Each structure stands twice: as structure tokens, then as C-alpha cells.
file entry-v6.txt (compact mmCIF, C-alpha atoms (C1' of nucleotides))
# COMPACT_ATOMS: atom_id res chain seq x y z
CA MET A 1 -7.11 58.12 12.66
CA ALA A 2 -8.59 58.00 16.14
CA ARG A 3 -10.52 54.90 17.08
CA ARG A 4 -12.62 54.11 20.11
CA THR A 5 -12.03 51.04 22.22
CA GLY A 6 -13.61 47.87 20.84
CA SER A 7 -13.61 49.15 17.26
CA HIS A 8 -11.73 46.70 15.07
CA SER A 9 -13.61 46.62 11.82
CA ASP A 10 -10.51 46.48 9.64
CA ILE A 11 -8.87 43.59 11.47
CA THR A 12 -11.88 41.55 12.59
CA GLY A 13 -13.11 40.93 9.02
CA PRO A 14 -9.93 39.15 7.92
CA ARG A 15 -9.77 37.19 11.15
CA ILE A 16 -13.33 35.96 10.62
CA ARG A 17 -12.54 34.88 7.07
CA ALA A 18 -9.37 33.11 8.19
CA ALA A 19 -11.24 31.25 10.91
CA ALA A 20 -14.07 30.29 8.57
CA LEU A 21 -11.61 29.04 5.93
CA LYS A 22 -9.83 26.86 8.46
CA LEU A 23 -13.00 25.43 10.00
CA PHE A 24 -14.89 24.90 6.72
CA ALA A 25 -11.91 23.09 5.22
CA ARG A 26 -11.46 20.91 8.28
CA HIS A 27 -15.06 19.98 9.08
CA GLY A 28 -17.14 21.00 6.08
CA PHE A 29 -19.36 24.01 5.53
CA ALA A 30 -22.55 22.46 6.87
CA ALA A 31 -20.85 20.99 9.91
CA VAL A 32 -19.49 24.33 11.13
CA SER A 33 -21.75 26.68 13.05
CA MET A 34 -21.57 30.44 13.15
CA ARG A 35 -21.00 30.07 16.89
CA GLN A 36 -17.87 27.98 16.24
CA ILE A 37 -16.48 30.57 13.86
CA ALA A 38 -17.20 33.34 16.34
CA ALA A 39 -15.55 31.39 19.17
CA GLU A 40 -12.42 30.85 17.04
CA VAL A 41 -12.11 34.62 16.64
CA GLY A 42 -13.20 35.44 20.19
CA LEU A 43 -16.57 36.95 19.36
CA GLN A 44 -20.21 36.19 19.98
CA ALA A 45 -22.16 34.75 17.07
CA GLY A 46 -24.26 37.85 16.52
CA ALA A 47 -21.18 39.99 15.83
CA LEU A 48 -20.40 37.98 12.67
CA TYR A 49 -23.43 39.48 10.98
CA LEU A 50 -21.70 42.86 10.92
CA TYR A 51 -19.26 41.31 8.43
CA THR A 52 -21.40 39.02 6.33
CA PRO A 53 -25.12 39.03 5.55
CA ASP A 54 -25.31 35.26 6.01
CA LYS A 55 -23.30 32.06 6.15
CA GLN A 56 -23.40 31.25 2.45
CA THR A 57 -22.09 34.66 1.47
CA LEU A 58 -19.18 34.08 3.82
CA LEU A 59 -18.38 30.87 1.94
CA PHE A 60 -18.75 32.55 -1.43
CA ASP A 61 -16.36 35.34 -0.42
CA LEU A 62 -13.77 32.76 0.59
CA LEU A 63 -14.03 30.90 -2.71
CA ARG A 64 -14.02 34.06 -4.81
CA THR A 65 -11.00 35.44 -2.99
CA HIS A 66 -9.20 32.12 -3.35
CA MET A 67 -9.71 32.02 -7.11
CA GLU A 68 -8.94 35.70 -7.66
CA GLU A 69 -5.70 35.51 -5.71
CA LEU A 70 -4.71 32.35 -7.58
CA ILE A 71 -5.17 34.10 -10.90
CA ALA A 72 -3.43 37.23 -9.68
CA ALA A 73 -0.45 35.21 -8.44
CA TYR A 74 -0.15 33.34 -11.72
CA THR A 75 -0.34 36.58 -13.66
CA ALA A 76 2.29 38.18 -11.43
CA ALA A 77 4.72 35.27 -11.94
CA SER A 78 5.53 35.91 -15.57
CA THR A 79 5.24 32.81 -17.75
CA PRO A 80 8.09 31.96 -20.15
CA GLU A 81 7.36 32.38 -23.84
CA GLU A 82 8.58 29.00 -25.02
CA PRO A 83 5.83 26.34 -24.65
CA GLN A 84 7.89 23.68 -22.90
CA ALA A 85 9.30 26.17 -20.41
CA ALA A 86 5.82 27.61 -19.90
CA LEU A 87 4.40 24.17 -19.19
CA ASP A 88 7.15 23.33 -16.70
CA HIS A 89 6.51 26.66 -15.03
CA PHE A 90 2.78 26.02 -14.81
CA VAL A 91 3.29 22.60 -13.21
CA ARG A 92 5.62 23.97 -10.54
CA PHE A 93 3.51 27.06 -9.91
CA HIS A 94 0.26 25.13 -9.58
CA MET A 95 1.75 22.52 -7.29
CA GLY A 96 3.41 25.07 -5.03
CA ARG A 97 0.39 27.33 -4.90
CA ASN A 98 -1.90 24.38 -4.07
CA LEU A 99 0.34 23.23 -1.23
CA ASP A 100 0.57 26.76 0.18
CA HIS A 101 -3.22 27.20 0.06
CA ALA A 102 -4.42 23.68 0.75
CA GLU A 103 -7.48 24.76 2.70
CA GLY A 104 -8.69 27.05 -0.06
CA VAL A 105 -8.07 24.40 -2.71
CA PHE A 106 -10.01 21.82 -0.76
CA LEU A 107 -12.90 24.21 -0.17
CA SER A 108 -13.05 25.32 -3.77
CA TYR A 109 -13.59 21.73 -4.91
CA MET A 110 -15.70 20.39 -2.07
CA GLU A 111 -18.12 23.13 -1.13
CA LEU A 112 -19.28 24.39 -4.50
CA ARG A 113 -22.53 22.52 -3.92
CA ASN A 114 -23.34 24.85 -1.05
CA LEU A 115 -23.47 27.87 -3.36
CA ASP A 116 -26.63 28.97 -5.10
CA ALA A 117 -26.70 28.83 -8.90
CA GLU A 118 -25.51 32.38 -9.44
CA ASN A 119 -22.58 32.20 -7.06
CA PHE A 120 -21.66 28.76 -8.40
CA ALA A 121 -21.50 30.14 -11.93
CA ARG A 122 -19.22 32.96 -10.82
CA ILE A 123 -16.72 30.64 -9.20
CA GLU A 124 -16.79 28.27 -12.14
CA ALA A 125 -16.08 31.15 -14.52
CA LEU A 126 -13.02 32.10 -12.49
CA ARG A 127 -11.79 28.50 -12.45
CA ARG A 128 -12.30 28.17 -16.16
CA GLY A 129 -10.32 31.34 -16.71
CA TYR A 130 -7.40 29.86 -14.79
CA GLU A 131 -7.60 26.52 -16.60
CA ASP A 132 -7.51 28.41 -19.88
CA ARG A 133 -4.02 29.63 -19.06
CA LEU A 134 -2.80 26.03 -19.20
CA ALA A 135 -4.96 25.25 -22.23
CA HIS A 136 -3.33 28.12 -24.13
CA ILE A 137 0.15 26.87 -23.32
CA LEU A 138 -0.76 23.41 -24.58
CA ALA A 139 -2.41 24.74 -27.72
CA ALA A 140 0.63 26.89 -28.52
CA GLY A 141 2.99 23.95 -27.99
CA GLN A 142 0.78 21.76 -30.13
CA ALA A 143 0.69 24.36 -32.92
CA ALA A 144 4.47 24.73 -32.78
CA GLY A 145 4.92 20.96 -33.05
CA HIS A 146 6.47 20.58 -29.60
CA PHE A 147 3.55 18.62 -28.15
CA ARG A 148 1.34 15.85 -29.50
CA LEU A 149 -2.10 15.99 -27.91
CA ALA A 150 -5.21 14.12 -28.93
CA ASP A 151 -7.30 16.77 -27.19
CA VAL A 152 -6.13 20.01 -25.59
CA ARG A 153 -9.03 20.31 -23.16
CA LEU A 154 -8.63 16.75 -21.88
CA ALA A 155 -4.90 17.20 -21.46
CA THR A 156 -5.60 20.40 -19.51
CA MET A 157 -7.99 18.64 -17.16
CA ALA A 158 -5.69 15.63 -16.79
CA ILE A 159 -2.66 17.72 -15.85
CA ILE A 160 -4.55 19.86 -13.35
CA ALA A 161 -6.20 16.83 -11.72
CA MET A 162 -2.88 15.05 -11.48
CA ILE A 163 -1.27 17.98 -9.69
CA ASN A 164 -4.29 18.60 -7.47
CA GLY A 165 -3.93 15.03 -6.27
CA VAL A 166 -0.61 15.90 -4.66
CA ASN A 167 -2.49 17.78 -1.93
CA THR A 168 -4.14 14.57 -0.74
CA TRP A 169 -0.91 12.81 0.19
CA PHE A 170 2.04 15.22 0.29
CA ARG A 171 3.41 15.99 3.74
CA GLU A 172 6.27 18.40 4.39
CA GLY A 173 9.15 16.44 5.89
CA GLY A 174 8.03 13.20 4.24
CA ARG A 175 9.97 10.84 2.00
CA LEU A 176 10.33 13.37 -0.81
CA SER A 177 10.82 17.13 -0.69
CA ARG A 178 8.48 19.48 -2.43
CA THR A 179 11.14 20.21 -5.05
CA ALA A 180 11.75 16.53 -5.67
CA VAL A 181 8.05 15.89 -6.18
CA GLY A 182 7.88 18.89 -8.51
CA ASP A 183 10.75 17.53 -10.60
CA ILE A 184 9.09 14.14 -10.95
CA TYR A 185 5.74 15.64 -11.91
CA VAL A 186 7.36 17.93 -14.46
CA ASP A 187 9.00 14.85 -15.96
CA MET A 188 5.73 12.88 -16.12
CA VAL A 189 3.85 15.82 -17.64
CA ARG A 190 6.57 16.44 -20.21
CA LYS A 191 6.42 12.84 -21.33
CA ALA A 192 2.62 12.72 -21.37
CA VAL A 193 2.41 15.65 -23.83
CA ALA A 194 5.53 14.82 -25.83
CA SER A 195 5.29 14.48 -29.60
CA MET B 1 -41.33 -17.89 4.17
CA ALA B 2 -44.45 -16.20 5.57
CA ARG B 3 -44.21 -12.53 6.32
CA ARG B 4 -46.64 -10.19 7.98
CA THR B 5 -47.80 -6.94 6.39
CA GLY B 6 -45.36 -4.06 6.83
CA SER B 7 -42.36 -6.33 7.25
CA HIS B 8 -39.72 -5.34 4.70
CA SER B 9 -36.44 -5.76 6.52
CA ASP B 10 -34.60 -7.27 3.57
CA ILE B 11 -35.59 -4.55 1.11
CA THR B 12 -35.74 -1.47 3.31
CA GLY B 13 -32.09 -1.69 4.34
CA PRO B 14 -30.74 -1.38 0.78
CA ARG B 15 -33.21 1.36 -0.02
CA ILE B 16 -32.04 3.37 2.98
CA ARG B 17 -28.41 2.98 1.96
CA ALA B 18 -29.19 3.98 -1.63
CA ALA B 19 -31.06 7.09 -0.46
CA ALA B 20 -28.30 8.04 1.96
CA LEU B 21 -25.64 7.60 -0.72
CA LYS B 22 -27.51 9.83 -3.13
CA LEU B 23 -28.26 12.55 -0.59
CA PHE B 24 -24.84 12.56 1.11
CA ALA B 25 -23.12 12.82 -2.27
CA ARG B 26 -25.39 15.61 -3.41
CA HIS B 27 -25.57 17.79 -0.30
CA GLY B 28 -22.85 16.54 2.03
CA PHE B 29 -23.04 14.33 5.09
CA ALA B 30 -23.56 17.10 7.62
CA ALA B 31 -26.16 18.87 5.49
CA VAL B 32 -28.45 15.85 5.21
CA SER B 33 -30.79 15.02 8.06
CA MET B 34 -32.07 11.60 9.05
CA ARG B 35 -35.55 12.95 8.29
CA GLN B 36 -34.55 13.66 4.69
CA ILE B 37 -33.20 10.15 4.24
CA ALA B 38 -36.34 8.67 5.76
CA ALA B 39 -38.57 10.82 3.55
CA GLU B 40 -36.66 9.71 0.44
CA VAL B 41 -37.47 6.10 1.34
CA GLY B 42 -40.98 6.81 2.58
CA LEU B 43 -40.36 6.20 6.26
CA GLN B 44 -40.40 8.19 9.46
CA ALA B 45 -37.02 9.15 10.90
CA GLY B 46 -37.27 6.82 13.87
CA ALA B 47 -37.54 3.75 11.65
CA LEU B 48 -34.01 4.31 10.32
CA TYR B 49 -32.58 3.31 13.66
CA LEU B 50 -33.71 -0.25 13.08
CA TYR B 51 -31.10 -0.37 10.31
CA THR B 52 -28.22 1.67 11.67
CA PRO B 53 -27.15 2.50 15.21
CA ASP B 54 -26.42 6.10 14.19
CA LYS B 55 -25.75 8.43 11.31
CA GLN B 56 -21.99 8.04 11.22
CA THR B 57 -22.20 4.26 11.05
CA LEU B 58 -24.50 4.66 8.05
CA LEU B 59 -21.81 6.73 6.33
CA PHE B 60 -19.09 4.26 7.25
CA ASP B 61 -21.10 1.36 5.84
CA LEU B 62 -21.51 3.21 2.56
CA LEU B 63 -17.80 3.94 2.27
CA ARG B 64 -16.75 0.43 3.26
CA THR B 65 -19.18 -1.16 0.81
CA HIS B 66 -17.99 1.18 -1.93
CA MET B 67 -14.34 0.24 -1.44
CA GLU B 68 -15.00 -3.48 -1.00
CA GLU B 69 -17.09 -3.66 -4.16
CA LEU B 70 -14.45 -1.71 -6.08
CA ILE B 71 -11.78 -4.20 -5.06
CA ALA B 72 -14.05 -7.16 -5.75
CA ALA B 73 -14.90 -5.83 -9.21
CA TYR B 74 -11.25 -5.28 -10.06
CA THR B 75 -10.37 -8.75 -8.85
CA ALA B 76 -13.20 -10.29 -10.86
CA ALA B 77 -12.08 -8.56 -14.07
CA SER B 78 -8.90 -10.54 -14.60
CA THR B 79 -5.87 -8.34 -15.28
CA PRO B 80 -3.59 -9.18 -18.23
CA GLU B 81 -0.15 -10.52 -17.37
CA GLU B 82 1.87 -8.22 -19.60
CA PRO B 83 2.58 -4.90 -17.82
CA GLN B 84 1.55 -2.54 -20.63
CA ALA B 85 -1.71 -4.43 -21.20
CA ALA B 86 -2.31 -4.54 -17.46
CA LEU B 87 -1.80 -0.77 -17.19
CA ASP B 88 -4.16 -0.06 -20.09
CA HIS B 89 -6.70 -2.34 -18.45
CA PHE B 90 -6.38 -0.57 -15.11
CA VAL B 91 -6.90 2.86 -16.68
CA ARG B 92 -10.05 1.77 -18.50
CA PHE B 93 -11.39 -0.17 -15.52
CA HIS B 94 -10.82 2.65 -13.05
CA MET B 95 -12.35 5.27 -15.31
CA GLY B 96 -15.42 3.20 -16.09
CA ARG B 97 -15.95 2.11 -12.51
CA ASN B 98 -15.63 5.73 -11.28
CA LEU B 99 -18.19 6.98 -13.78
CA ASP B 100 -20.62 4.19 -12.90
CA HIS B 101 -20.28 4.90 -9.18
CA ALA B 102 -19.75 8.64 -9.15
CA GLU B 103 -21.64 9.21 -5.92
CA GLY B 104 -19.63 6.63 -4.03
CA VAL B 105 -16.36 7.99 -5.42
CA PHE B 106 -17.26 11.52 -4.41
CA LEU B 107 -18.29 10.42 -0.91
CA SER B 108 -15.18 8.34 -0.39
CA TYR B 109 -12.98 11.36 -1.00
CA MET B 110 -15.09 14.09 0.58
CA GLU B 111 -16.57 12.64 3.71
CA LEU B 112 -13.66 10.80 5.24
CA ARG B 113 -13.36 13.65 7.72
CA ASN B 114 -16.72 12.70 9.18
CA LEU B 115 -15.43 9.30 10.29
CA ASP B 116 -13.82 8.71 13.65
CA ALA B 117 -10.17 7.67 13.70
CA GLU B 118 -10.82 3.94 13.70
CA ASN B 119 -13.31 3.96 10.83
CA PHE B 120 -11.09 6.36 8.90
CA ALA B 121 -8.16 3.96 9.21
CA ARG B 122 -10.26 1.06 7.93
CA ILE B 123 -11.33 2.93 4.80
CA GLU B 124 -7.81 4.16 4.15
CA ALA B 125 -6.49 0.61 4.40
CA LEU B 126 -8.97 -0.53 1.77
CA ARG B 127 -8.04 2.35 -0.51
CA ARG B 128 -4.37 1.63 -0.10
CA GLY B 129 -4.98 -1.99 -0.99
CA TYR B 130 -6.61 -0.94 -4.23
CA GLU B 131 -3.87 1.55 -5.08
CA ASP B 132 -1.34 -1.21 -4.55
CA ARG B 133 -2.80 -3.10 -7.50
CA LEU B 134 -1.69 -0.28 -9.77
CA ALA B 135 1.62 0.12 -7.95
CA HIS B 136 2.41 -3.55 -8.57
CA ILE B 137 1.69 -3.21 -12.28
CA LEU B 138 4.00 -0.22 -12.49
CA ALA B 139 6.73 -1.92 -10.49
CA ALA B 140 6.55 -5.02 -12.70
CA GLY B 141 6.72 -2.93 -15.85
CA GLN B 142 9.63 -0.97 -14.43
CA ALA B 143 11.51 -4.17 -13.53
CA ALA B 144 10.91 -5.58 -17.00
CA GLY B 145 12.25 -2.41 -18.59
CA HIS B 146 8.96 -1.45 -20.21
CA PHE B 147 8.46 1.66 -18.08
CA ARG B 148 10.78 4.38 -16.81
CA LEU B 149 9.54 5.79 -13.53
CA ALA B 150 11.36 8.09 -11.17
CA ASP B 151 9.11 6.88 -8.36
CA VAL B 152 6.50 4.11 -8.46
CA ARG B 153 4.37 5.49 -5.62
CA LEU B 154 4.20 8.97 -7.15
CA ALA B 155 3.32 7.58 -10.54
CA THR B 156 0.56 5.52 -8.90
CA MET B 157 -0.92 8.57 -7.20
CA ALA B 158 -0.58 10.70 -10.32
CA ILE B 159 -2.37 8.21 -12.55
CA ILE B 160 -5.21 7.65 -10.10
CA ALA B 161 -5.69 11.38 -9.51
CA MET B 162 -5.67 12.06 -13.23
CA ILE B 163 -8.42 9.51 -13.84
CA ASN B 164 -10.42 10.56 -10.79
CA GLY B 165 -10.52 14.04 -12.27
CA VAL B 166 -12.63 12.77 -15.17
CA ASN B 167 -15.61 12.52 -12.81
CA THR B 168 -15.61 16.28 -12.27
CA TRP B 169 -16.25 17.18 -15.90
CA PHE B 170 -17.36 14.14 -17.94
CA ARG B 171 -21.00 14.13 -19.02
CA GLU B 172 -22.60 11.30 -20.97
CA GLY B 173 -23.70 12.66 -24.34
CA GLY B 174 -21.06 15.40 -24.27
CA ARG B 175 -18.39 16.25 -26.84
CA LEU B 176 -16.52 12.96 -26.36
CA SER B 177 -17.82 9.47 -25.65
CA ARG B 178 -16.64 7.49 -22.68
CA THR B 179 -14.64 5.22 -24.95
CA ALA B 180 -13.00 8.16 -26.69
CA VAL B 181 -11.99 9.68 -23.37
CA GLY B 182 -10.66 6.30 -22.26
CA ASP B 183 -8.53 6.01 -25.39
CA ILE B 184 -7.03 9.45 -24.86
CA TYR B 185 -6.26 8.80 -21.21
CA VAL B 186 -4.68 5.45 -22.02
CA ASP B 187 -2.48 7.23 -24.52
CA MET B 188 -1.43 9.94 -22.04
CA VAL B 189 -0.71 7.40 -19.32
CA ARG B 190 1.31 5.21 -21.68
CA LYS B 191 3.48 8.14 -22.66
CA ALA B 192 3.87 9.37 -19.09
CA VAL B 193 5.34 6.05 -17.94
CA ALA B 194 7.21 5.19 -21.15
CA SER B 195 10.91 4.39 -20.99
C1' DG C 1 -41.40 -3.20 11.23
C1' DT C 2 -43.13 1.13 11.43
C1' DC C 3 -45.52 4.90 13.49
C1' DT C 4 -46.39 9.01 16.59
C1' DA C 5 -44.62 11.80 19.95
C1' DT C 6 -41.14 13.88 22.25
C1' DA C 7 -36.83 14.88 24.88
C1' DG C 8 -32.90 17.62 24.71
C1' DA C 9 -29.52 20.04 22.22
C1' DA C 10 -28.09 23.16 18.80
C1' DA C 11 -28.68 25.72 14.66
C1' DG C 12 -29.22 30.62 11.84
C1' DA C 13 -30.45 34.96 12.44
C1' DT C 14 -32.30 39.33 14.81
C1' DA C 15 -33.29 43.08 18.52
C1' DG C 16 -31.79 46.13 21.56
C1' DA C 17 -28.56 47.47 25.42
C1' DC C 18 -24.06 49.48 26.02
C1' DG D 1 -18.42 47.26 17.29
C1' DT D 2 -19.76 43.93 20.32
C1' DC D 3 -22.63 41.61 23.70
C1' DT D 4 -26.67 39.39 25.84
C1' DA D 5 -30.83 37.46 25.10
C1' DT D 6 -34.01 35.31 22.44
C1' DC D 7 -37.12 33.74 18.50
C1' DT D 8 -37.92 30.05 15.65
C1' DT D 9 -36.59 26.06 13.43
C1' DT D 10 -34.37 21.89 13.03
C1' DC D 11 -31.57 18.25 14.46
C1' DT D 12 -30.31 13.20 16.45
C1' DA D 13 -32.00 9.79 18.96
C1' DT D 14 -35.31 7.31 21.99
C1' DA D 15 -39.88 5.49 24.06
C1' DG D 16 -43.83 3.28 23.57
C1' DA D 17 -48.24 2.31 20.84
C1' DC D 18 -49.84 -0.69 17.19

call {"tool": "encode", "arguments": {"input": "entry-v6.txt", "output": "C-alpha cells"}}
result
Amino acid sequence: MARRTGSHSDITGPRIRAAALKLFARHGFAAVSMRQIAAEVGLQAGALYLYTPDKQTLLFDLLRTHMEELIAAYTAASTPEEPQAALDHFVRFHMGRNLDHAEGVFLSYMELRNLDAENFARIEALRRGYEDRLAHILAAGQAAGHFRLADVRLATMAIIAMINGVNTWFREGGRLSRTAVGDIYVDMVRKAVAS
Amino acid sequence: MARRTGSHSDITGPRIRAAALKLFARHGFAAVSMRQIAAEVGLQAGALYLYTPDKQTLLFDLLRTHMEELIAAYTAASTPEEPQAALDHFVRFHMGRNLDHAEGVFLSYMELRNLDAENFARIEALRRGYEDRLAHILAAGQAAGHFRLADVRLATMAIIAMINGVNTWFREGGRLSRTAVGDIYVDMVRKAVAS
DNA sequence: GTCTATAGAAAGATAGAC
DNA sequence: GTCTATCTTTCTATAGAC
């Protein structure tokens, strides 16, 4: 398909979103100007408005994409049937995914307040859908007598929060490897839900 | 002590900090203007500069006060000697304190990036000092054979993150009371560190 | 101690040339 | 598809009156 010079619609969009993700995560949504995002991509500020109607929609698209790709990746990595194996798998998947998409994770927790009510509800629905995957594993293990949980929803939130916390301190090349941390967290989670 | 009309130095300072805490937590540091803070207190923007040299110092003072009062409160609530009792006590204290100071907790995790390097280091040192209280409990319990931990530092971070997560979903008057949630978390933590 | 007024910089978004 | 130029608003911080 022939294209005239200066026409980069299909590549510029992703580059804008990548720049915005990086800058929003690093400095915060409100602290980053459209001019900064444009400069990061090598554009003038006005050109951004060919790709997003406004700044908030740009943020919403980042959060929506982050959640959708998380769910798609979890779905693609088939979960074992057996509850204990499924739980171990969830812990390792969630930790690895979080570390590989740290900027998106940070944004999706910190910048929800910059969405309007409708967009906020959409992102929350996606997050809840993901959390339900873990809740179902726990409920199945509880029903089968493998786990002993006072409350499935609280255990779900506790496990996710615990793993999310890894992003605040883990550094590649630090004292413990990613695999070693994963092993230790799997062990702690196993014990926490054990019957 | 005689005081002329319009002189409220001793009361205005705390009111400014309270307003800034509320607004920063709700909308984010960068999204809140000095005018908004002043309006919340019933002042003009210029008057704020009698109480803080600039906006960032106002944020730093909030974070420092939050951490110092957290540590002071934990110190004042005497910790049991026995490791398991001390751990239970820490879980309940940390959860309750977080819920009572949700805005400060949120700020102290979300707005660190708005501090310069020196101020950031000071806040991190305070946080580390607090985390060490839990680490010492875990290490003592490990040494006494009450706990089995693959790594004391990881267990410390995991427990704190797990409890911090409560702030994102707990609502007073919801399905479970604060005490009920505390009981369940104490149970999960006990099991996670059990030998 | 607080106000009004303002300096000076920067923001989001749009119009129109190329 | 992108740029230049600009409108309009808002920001932090300061100066000086009261």
C-alpha cells in the first residue's frame, strides 16, 4: 500500500501510547503535559489530537488495554485443573506479569481517580473479572477440602495485594532472583490457604 | 496572651495541612493547586506561603508527619514479648492504623515521586525503620522455632503489602466488620509464617 | 496575618497552512 | 499527518497595602 511521506498513522499511535504510559507512570497523569508526551515521540503537541480526543481518553485507553491484555494473557496460559496447582500457577503468573508490566500495574492502581465515573466503572469491571479467576480457584479448592479459608473474597484480595507488593521493592539483579522470590511466595500462599 | 484580630498562626497551620492532605490524597499532588488548598481553608493563595516555603515542602511535611506519628503510635502501643502475640498485635495495629489514616497511607505510597532525592531518602528511611519492627518480630519467632520463614525480609514485605491492600476495598458498614477482617487476616498471617 | 494584584510561565485544546 | 501559531485558562510564587 503506497504511502506519502510523513504519513505514519499506524506506527505513531502505538508510540504515543508507549510514551504516555512511561511518562504517566513515572511522574503521574496530572504532572505530565501533552507537550511532554509529544516531545518524547518527536511530535508537536497539536498532532496528538489526531490520535486521542483528549488527555483523559488517552489514560483510559492505556488502562483498558492493560487490563484486557492481562486477562488475555492469563486466559492464553492454560490453568491446571487441580486447585493447588492452579493456585501455584496463578501466583507465578501474576508476579511475572506484574514485573513485566510494572508501569501499567502502577498506573492502573494510582490513576483511577483521574477517570470519570463511567470510565472508572469499566476498568473496575475488568479488574474484578480478573480477580474472579483467583476467587474461583480458591472456591474450588475450598469445596474440594484442599484449602481452609474463612472468606474466599478476603483471601483473594490478600493474595493479590501481597503479590502486587513485590513490584515496589523487587529489582532484577538484586539479592534474590525472580524465580527464587516466586518460590517463596508460592510457599507462603500455600501455607496461608492450607487446611 | 493577647492577640490581634486576624492572627491565627497556631490554628491556620494545621488546617492548611489537613486540607492539603485531603486534597492531595483525593486528586493527586500535581492535580491540586495552591488556590484549591487555600479555598478549602478559607484563605487566599498567597497566605499559604506564610506556612510553607513551597508546595513540595508542604507535601514532604505531610509525609514526614505521617510516618513519624505511625512510628510513635506503634511505640506507644507496647508490643507483647512472645513472638506469636507480637505478630498478631502488629497485624491488628497496622490494619487499624491504616484504616484510620487512609489518606496519609495513600499519599505516602503514591506521591513519593514528587519529592526530590533528599526528601525521598528521608521518608524511605522512616518507612524502613517501621518495617524493621515487623522484621524483628519475625526474626525472633524464627530463632525461637515458632515460625518457619524462607526469608525474613520477604515475609515482612508480604505481610505489610497484604494488610495495606485492605485499604483499597474495606468500607465501614460493609459485609464484614473491621474486627472480623482483622481476625481473618491474623489467621492467614499466622498460617503463612507457621513452622 | 491576610488580602489584592500581578508577574511570568505553562497548561489543554483548536485553526489553518502545507 | 504534521506543524506553527495562538486562544484562553490556570498555575506557582512574590510584592506591597492594610

call {"tool": "axis_aligned_box", "arguments": {"input": "entry-v6.txt", "around": "stretch 2-18 of chain D", "padding_each_side": "5 Å", "output": "lines of an AutoDock Vina configuration file"}}
result
center_x = -34.8
center_y = 21.6
center_z = 19.4
size_x = 40.1
size_y = 54.6
size_z = 22.8

call {"tool": "interface_residues", "arguments": {"input": "entry-v6.txt", "of": "chain B", "to": "chain D", "cutoff": "9 Å", "atoms": "all atoms listed in the file", "output": "ChimeraX atom specification"}}
result
/B:33-34,46,49,54-55

call {"tool": "residues_around", "arguments": {"input": "entry-v6.txt", "residues": "A:Ile159", "least_positions_apart": "2", "cutoff": "9 Å", "atoms": "all atoms listed in the file", "output": "PyMOL selection string"}}
result
(chain A and resi 91+134+154-157+161-164+189) or (chain B and resi 162)

call {"tool": "atom_distance", "arguments": {"input": "entry-v6.txt", "atom1": "atom CA of A:Pro83", "atom2": "atom CA of A:Tyr130"}}
result
16.9 Å

call {"tool": "interface_residues", "arguments": {"input": "entry-v6.txt", "of": "chain A", "to": "chain B", "cutoff": "8 Å", "atoms": "only C-alpha atoms", "output": "ChimeraX atom specification"}}
result
/A:26-28,30-31,110,113-114,150-151,154,157-166,181,184,188-194

call {"tool": "write_last_selection", "arguments": {"input": "entry-v6.txt", "atoms": "C-alpha atoms", "output": "short mmCIF file (atom, residue, chain, number, x, y, z; two decimals), keeping the file's coordinate frame"}}
result
data_model
loop_
_atom_site.label_atom_id
_atom_site.label_comp_id
_atom_site.auth_asym_id
_atom_site.auth_seq_id
_atom_site.Cartn_x
_atom_site.Cartn_y
_atom_site.Cartn_z
CA ARG A 26 -11.46 20.91 8.28
CA HIS A 27 -15.06 19.98 9.08
CA GLY A 28 -17.14 21.00 6.08
CA ALA A 30 -22.55 22.46 6.87
CA ALA A 31 -20.85 20.99 9.91
CA MET A 110 -15.70 20.39 -2.07
CA ARG A 113 -22.53 22.52 -3.92
CA ASN A 114 -23.34 24.85 -1.05
CA ALA A 150 -5.21 14.12 -28.93
CA ASP A 151 -7.30 16.77 -27.19
CA LEU A 154 -8.63 16.75 -21.88
CA MET A 157 -7.99 18.64 -17.16
CA ALA A 158 -5.69 15.63 -16.79
CA ILE A 159 -2.66 17.72 -15.85
CA ILE A 160 -4.55 19.86 -13.35
CA ALA A 161 -6.20 16.83 -11.72
CA MET A 162 -2.88 15.05 -11.48
CA ILE A 163 -1.27 17.98 -9.69
CA ASN A 164 -4.29 18.60 -7.47
CA GLY A 165 -3.93 15.03 -6.27
CA VAL A 166 -0.61 15.90 -4.66
CA VAL A 181 8.05 15.89 -6.18
CA ILE A 184 9.09 14.14 -10.95
CA MET A 188 5.73 12.88 -16.12
CA VAL A 189 3.85 15.82 -17.64
CA ARG A 190 6.57 16.44 -20.21
CA LYS A 191 6.42 12.84 -21.33
CA ALA A 192 2.62 12.72 -21.37
CA VAL A 193 2.41 15.65 -23.83
CA ALA A 194 5.53 14.82 -25.83
#

call {"tool": "interface_residues", "arguments": {"input": "entry-v6.txt", "of": "chain C", "to": "chain A", "cutoff": "9 Å", "atoms": "all atoms listed in the file", "output": "list in words"}}
result
DA11, DG12, DA13 and DT14 of chain C

call {"tool": "atom_distance", "arguments": {"input": "entry-v6.txt", "atom1": "atom CA of A:Gln56", "atom2": "atom CA of A:Glu68"}}
result
18.2 Å

call {"tool": "residues_around", "arguments": {"input": "entry-v6.txt", "residues": "A:Gln36", "least_positions_apart": "4", "cutoff": "10 Å", "atoms": "all atoms listed in the file", "output": "ChimeraX atom specification"}}
result
/A:19-20,23,31-32,40-45

call {"tool": "atom_distance", "arguments": {"input": "entry-v6.txt", "atom1": "atom CA of B:Asn167", "atom2": "atom CA of B:Leu99"}}
result
6.2 Å

call {"tool": "decode", "arguments": {"input": "entry-v6.txt", "residues": "stretch 117-131 of chain A", "atoms": "C-alpha atoms", "output": "short mmCIF file (atom, residue, chain, number, x, y, z; two decimals), in the first residue's frame"}}
result
data_model
loop_
_atom_site.label_atom_id
_atom_site.label_comp_id
_atom_site.auth_asym_id
_atom_site.auth_seq_id
_atom_site.Cartn_x
_atom_site.Cartn_y
_atom_site.Cartn_z
CA ALA A 117 -17.32 7.72 36.71
CA GLU A 118 -18.15 5.78 33.57
CA ASN A 119 -14.59 5.00 32.59
CA PHE A 120 -13.75 4.15 36.21
CA ALA A 121 -16.56 1.61 36.30
CA ARG A 122 -15.32 -0.02 33.11
CA ILE A 123 -11.81 -0.50 34.43
CA GLU A 124 -13.09 -1.78 37.76
CA ALA A 125 -15.27 -4.33 35.98
CA LEU A 126 -12.25 -5.64 34.10
CA ARG A 127 -10.21 -5.85 37.30
CA ARG A 128 -12.99 -7.66 39.08
CA GLY A 129 -13.20 -10.13 36.24
CA TYR A 130 -9.52 -10.92 36.64
CA GLU A 131 -9.75 -11.22 40.43
#
